[in-house]
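Colleague: This is the structure, below, for whatever I ask next.
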Amino acid sequence: MVENFIQIKPENIEDNIFKLIGTDWMLVCAGAPNNFNMMTASWGCAGVLWRKPVVVSFIRPQRHTFAYLENNGWFTLNFFDDEMRDVLNLCGTVSGRDMNKMEIEDITPFETDRGNVAFAEAKLILECRKLYYDDIKPEFFQVFEIEMIYPAKDYHRLYIGEIAGVLKKRKYDSFGAF
Ligand SMILES: Cc1cc2nc3c(=O)[nH]c(=O)nc-3n(C[C@H](O)[C@H](O)[C@H](O)COP(=O)(O)O)c2cc1C
């Protein structure tokens with residue numbers, strides 16, 4: 001699986017990050033090959049902090065994926081073409097508490113060289129090393145419209161991860177070369 005990807009630097013990611021996260025969505029995945037969970041996310045950020053390329057993922061505490069992020073030092077962000085939208089909808093509406101997401105047929109997990117779980121169908125994978133977490137605190141909201149997003153007061157925990165690896169899908173031509 002890993003042979004279908006090339007390693008690139010974060011600064012060579014060509015896709016628009018607003019489209020990747022906000023429109024394409026992503027699967028946030030954490031855990032070990034024999035015990036992982038993933039969920040769809042469309043909120044997140046990418047940039048530079050502490051002299052490192054970083055992402056920020058926002059996970060509500062009731063998500064099954066939350067425990068996996070808590071218990072692991074790494075997580076992956078996986079981005080797909082539109083043909084995977086059904087899987088993203090499934091992973092965004094059903095919890096790993098109610099189904100074993102490791103057994104979803106239309107998606108193929110694999111272990112990266114760093115020991116992280118990612119997906120063969122992804123066009124882009126970010127391998128992220130957890131650097132920091134914090135919880136959204138309502139007392140710091142500056143505008144009321146944000147509080148409206150949390151009627152259940154289930155404020156996201158944010159995880160800042162160093163982008164330690166970027167895997168980009170190889171492009172093959174019709175002869176199987178790349
Ligand atoms: C398009 C989309 C985007 C989502 N973005 C987020 C997000 O950024 N953070 C979050 O906590 N949940 C988000 N969710 C909700 C979770 O994906 C959903 O609750 C999922 O079933 C959680 O799975 P889990 O319980 O197995 O972790 C999103 C759902 C969809 C459909």
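Letters A, B, ... go to the chains of the structure tokens in the order shown; residues in each chain start at 1; ligands are counted from 1 in the same order.
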Can you list, as a ChimeraX atom specification, all residues belonging to range 78-160 of chain A that DSSP tags as strand (DSSP E)?
Modeller: /A:78-79,109-111,117-119,124-135,157-160
Colleague: Report as a list in words all protein, DNA and RNA residues lying within 10 Å of Tyr68 in chain A, evaluated on only C-alpha atoms, omitting residues in the same chain fewer than 4 positions from it.
Modeller: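 The neighbour list is Cys29, Ala30, Gly31, Ala32, Asn35, Phe36, Asn37, Met38, Arg63, His64, Asn72, Gly73, Trp74 and Phe75 of chain A.
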Colleague: Check every protein, DNA and RNA residue against ligand 1, keep those with an atom at most 9 Å away (counting only C-alpha atoms and all ligand atoms), and present them as an MDAnalysis selection string.
Modeller: chainID A and resid 22:29 37:44 57:68 88:101 156:157
Colleague: Just asking: which residues within range 81-127 of chain A are helix (DSSP H, G or I) according to DSSP, as a PyMOL selection string?
Modeller: chain A and resi 82-93+101-103
Colleague: Let's have the selection written as an mmCIF file, in the first residue's frame, with C-alpha atoms.
Modeller:
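File out-v8.cif, as written:
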```cif
data_model
loop_
_atom_site.group_PDB
_atom_site.id
_atom_site.type_symbol
_atom_site.label_atom_id
_atom_site.label_comp_id
_atom_site.auth_asym_id
_atom_site.auth_seq_id
_atom_site.Cartn_x
_atom_site.Cartn_y
_atom_site.Cartn_z
ATOM 1 C CA ASP A 82 -15.350 12.324 -4.327
ATOM 2 C CA GLU A 83 -15.878 8.621 -5.088
ATOM 3 C CA MET A 84 -15.307 7.910 -1.381
ATOM 4 C CA ARG A 85 -18.096 10.246 -0.259
ATOM 5 C CA ASP A 86 -20.331 7.333 0.842
ATOM 6 C CA VAL A 87 -17.633 6.097 3.225
ATOM 7 C CA LEU A 88 -17.118 9.615 4.542
ATOM 8 C CA ASN A 89 -20.867 9.973 5.101
ATOM 9 C CA LEU A 90 -20.926 6.635 6.933
ATOM 10 C CA CYS A 91 -17.954 7.487 9.139
ATOM 11 C CA GLY A 92 -19.517 10.884 9.807
ATOM 12 C CA THR A 93 -22.922 9.609 10.924
ATOM 13 C CA LYS A 101 -15.309 0.683 11.424
ATOM 14 C CA MET A 102 -12.213 -1.487 10.938
ATOM 15 C CA GLU A 103 -14.417 -3.785 8.831
#
```
Colleague: Suppose you want the space between CA of Gly161 in chain A and CA of Glu147 in chain A; what is it in Å?
Modeller: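 So the two atoms, CA of Gly161 in chain A and CA of Glu147 in chain A, lie 25.3 Å apart.
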Colleague: As a list in words, please: the residues near Glu127 in chain A (cut-off 7 Å, only C-alpha atoms, same-chain neighbours under 3 positions excluded).
Modeller: Phe75, Thr76, Leu77, Ile163, Ala164, Gly165 and Val166 of chain A
Colleague: Output N, CA and C atoms for every residue in the selection just made, as a compact mmCIF listing (two decimals), in the first residue's frame.
Modeller:
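Result saved to out_36.txt:
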```
# COMPACT_ATOMS: atom_id res chain seq x y z
N PHE A 75 -1.83 10.66 15.02
CA PHE A 75 -3.08 10.45 14.30
C PHE A 75 -2.83 10.77 12.83
N THR A 76 -3.72 10.29 11.97
CA THR A 76 -3.59 10.62 10.55
C THR A 76 -4.83 11.36 10.07
N LEU A 77 -4.61 12.25 9.12
CA LEU A 77 -5.70 12.91 8.40
C LEU A 77 -5.65 12.39 6.97
N ILE A 163 2.94 17.95 11.48
CA ILE A 163 2.87 17.16 10.25
C ILE A 163 4.24 16.53 10.04
N ALA A 164 4.38 15.29 10.51
CA ALA A 164 5.68 14.61 10.45
C ALA A 164 5.88 13.89 9.13
N GLY A 165 4.80 13.63 8.42
CA GLY A 165 4.90 12.95 7.14
C GLY A 165 3.71 13.32 6.25
N VAL A 166 3.99 13.45 4.97
CA VAL A 166 2.92 13.69 3.99
C VAL A 166 3.05 12.62 2.91
```
Colleague: Using CA of Cys45 in chain A and CA of Pro10 in chain A as the two end points, give the distance in Å to one decimal.
Modeller: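 About the pair CA of Cys45 in chain A and CA of Pro10 in chain A: they are 13.4 Å apart.
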Colleague: Using only C-alpha atoms, which of A:Asp15, A:Asp154, A:Asp135, A:Asp106 sits nearest Ala120 in chain A?
Modeller: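 Closest to Ala120 in chain A of all the choices is A:Asp106.
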Colleague: Which distance in Å separates CA of Tyr150 in chain A and CA of Pro138 in chain A, to one decimal?
Modeller: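 Answer for the CA of Tyr150 in chain A to CA of Pro138 in chain A separation: 9.1 Å.
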Colleague: Restrict the calculation to only C-alpha atoms, then for each residue of range 79-135 of chain A with any atom at most 12 Å from an atom of range 46-55 of chain A give the closest atom pair and their distance in Å to one decimal, rows by chain and rising residue number, as CSV.
Modeller:
```
residue,atom,partner,partner_atom,distance
A:Leu126,CA,A:Val55,CA,8.9
A:Glu127,CA,A:Val55,CA,9.9
A:Cys128,CA,A:Val55,CA,7.6
A:Arg129,CA,A:Val54,CA,9.0
A:Lys130,CA,A:Val54,CA,9.5
A:Leu131,CA,A:Val54,CA,9.0
A:Tyr132,CA,A:Val54,CA,10.6
A:Tyr133,CA,A:Val55,CA,11.6
```
